[in-house]
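Read the structure below first, then the notes.
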Amino acid sequence: MERKKYPVSFWVLAVLIILLIAAAVFAPVLAPNDPNKSSLMDALKGPCQQFPLGTDPLGRCLLSRMLYGGRVSIFSSLIITAAVFVLGTLIGVFSGYAGGIADTILTKIISITQAFPKIILAIAIAGVLGIGIKNTIIALCIVEWAEYARMARSLTRSVKERTFIKAAKICGYSEFKIMLKHILPNIIPPLIVNASLGIASMIMEVAALSYLGVGVQSPMAEWGAMMNTGKDYIQTNISLVLVPGAAIFITAVIFNLFGEKIRDVLETRN
Amino acid sequence: MKHLGTVCKKIAISAVQTLFILIGITLITFFILHISPVNPAEIYLMGNGGNVGQISQEAIEEQEKKMGLDKPFIIQYANWLNNVAHGDLGTSMTTSKPVKDEIINHAGPTVALTCVSLIITVLISIPLGIYCAVNKDRALDNFARIFSFLGISMPSFFISLLLLWLFALKFQVLPVIAQRSPKGMILPAAVLVIQCSSKYIRQVRAVILEELNKEYVMGAVARGISERDILFKHVLKNAAVPILTWCGTYFGIMLGGATVIETIFSWDGMGKLAVESVMRLDYYMIQGFVLWTAVIFLIVNFAVDVAGDIIDPRLKRGRV
């Protein structure tokens, strides 16, 4: 297979993503203030030297909270996407390759998961497990794996009957080896595209749960939770909504653009 | 006659599957609620004016008995299922009204919001998507692509809060709290339309572009068939099934209740009801809501399936 050159825009976006992740990793170094230190004397201040983006109703530095919030939002969505990608793909490949009764049962479980109202199920699970970012991640994993499983299953079924799989069978390879070494590499590109385009929507889902009050526990900074605090002050101080909103928006744009570039690269290659 | 037979068989199979999925979904929900550390009896009593710590253990136990919570999990579920089969969805634990009435009460606003938003979404997305595919890389196509790209990169609550701030607070042309008025519907509908059409335009555009690149189109051009006929008689017919499927998906998502949007605009529909019920752990209300969304999901899927068979007879014969 001839390797295509990646376009310049691909590298630009890759650098931007690395910068985003670096900003999240180095939040403690970059943040001018302690994100959780509240002082009512400084409540709802406009931008000034000490607080470059102003403060929230508890007098906490908005810029610091935005930087720390990025850690939670970006890393939790990366973890969820990676987890559901691996889990869903493995289940889907197994279901599609095994066929028969196992396939029937797994397909039903996939349908059941997909028929659930996603956000409501996630709220219910988060409510049962308790509020906190770890439980939010678990809740969203339980809700999201099915999409990848369904996709991997149908892709597996489409390559299952091709000659190279038959050849591998005749060669006496184990079923396990055929699934991992022969089927998986052939179906992985569209799944990667789906995952890379899914990161942004995962950031938004984590934020939505936090916005509804079941994501992170206060006083932890998270973009959705920050918007929830900000919405009560929308009339007087729109920046409380704009700052975390813009953070989500810019991050989502970068991840979405990167996802599209990955799709273009993988699709032209095939 | 043979045709009728296959249709009957299809309906029978999907009816069995539907039943299976409905039982699965409600059983899982029941289980999740059951393992919750929060006691609904306590919540019920607290909702009626009691304070934490003031409720005696006896009162809680009595309430548990009243709600049937003292019985084992599977019996509780069987009782609930039996009641549902007789048309009784139970009583809300917070409002003490029958769940059925609550659902009927809240379904109206959600159905109204859904119909308005879906119609506008379809009217914008399908023509625009087709136009953009045919006129690829022209000004309007680029504009639509930027619009839809920004749309999918913004969370619904951010769009909602921005619109709320702009139109309800800054210009004060629309009410902050919707209260079931047509004027109050404008903002929540706008957010739904922005969100769904930004996805839908892309999907329509992509599927039309894919069809346009197929060989039969080149063949039709070679035979001298007019562009208009190729587009409307061949390409659109082939692209109709996926376009319809997405439309069904959006319909289902909207009817399930746009949770966040309804909460922000205080639109008193299913989504807001669901969030409130989950927060209060209102068992039967949540069950009722899950049942509602599952039924919608299944009906929409079935309808899309049947419509697909009618539009594209190849699907029925299982050739595609």
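Every chain in the structure tokens has a letter given in the order shown (A, B, ...), and although residue numbers restart at 1 in each chain, ligands are simply numbered from 1 in the order shown.
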Proximal residues of chain A relative to chain B (only C-alpha atoms; 10 Å) as a PyMOL selection string: chain A and resi 108-109+111-121+123-130+200-201+203-205+207-209+211-214+224+227-228+230-231+234-236+238+241-242+244-246+248-257
Lys199 of chain B surroundings by only C-alpha atoms, 12 Å radius, close-in-sequence under 2 positions cut, as an MDAnalysis selection string: chainID B and resid 121:122 124:126 129 144:154 192:197 201:206 243 246:247 249:250
Using only C-alpha atoms: which of B:Leu209, B:Ile299, B:Ala190, B:Ala240 has the shortest distance to Asp137 of chain B: B:Leu209
Backbone-only DSSP, helix (DSSP H, G or I) members of segment 70-239 of chain A, as a ChimeraX atom specification: /A:70-98,100-115,118-129,133-160,163-170,175-211,223-231,239
Atom pair atom CA of Ile187 of chain A / atom CA of Ile199 of chain A: separation (Å): 19.6 Å
Atomic distance atom CA of Ala168 of chain A - atom CA of Ile101 of chain A, expressed in Å with one decimal: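 These two atoms are separated by 23.7 Å.
For the pair atom CA of Tyr77 of chain B and atom CA of Lys100 of chain B, the interatomic distance is 17.6 Å.
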Top pick for closest residue to Ala31 of chain A, considering A:Ile74, A:Ala14, A:Ala139, A:Leu53 and counting only C-alpha atoms: A:Leu53
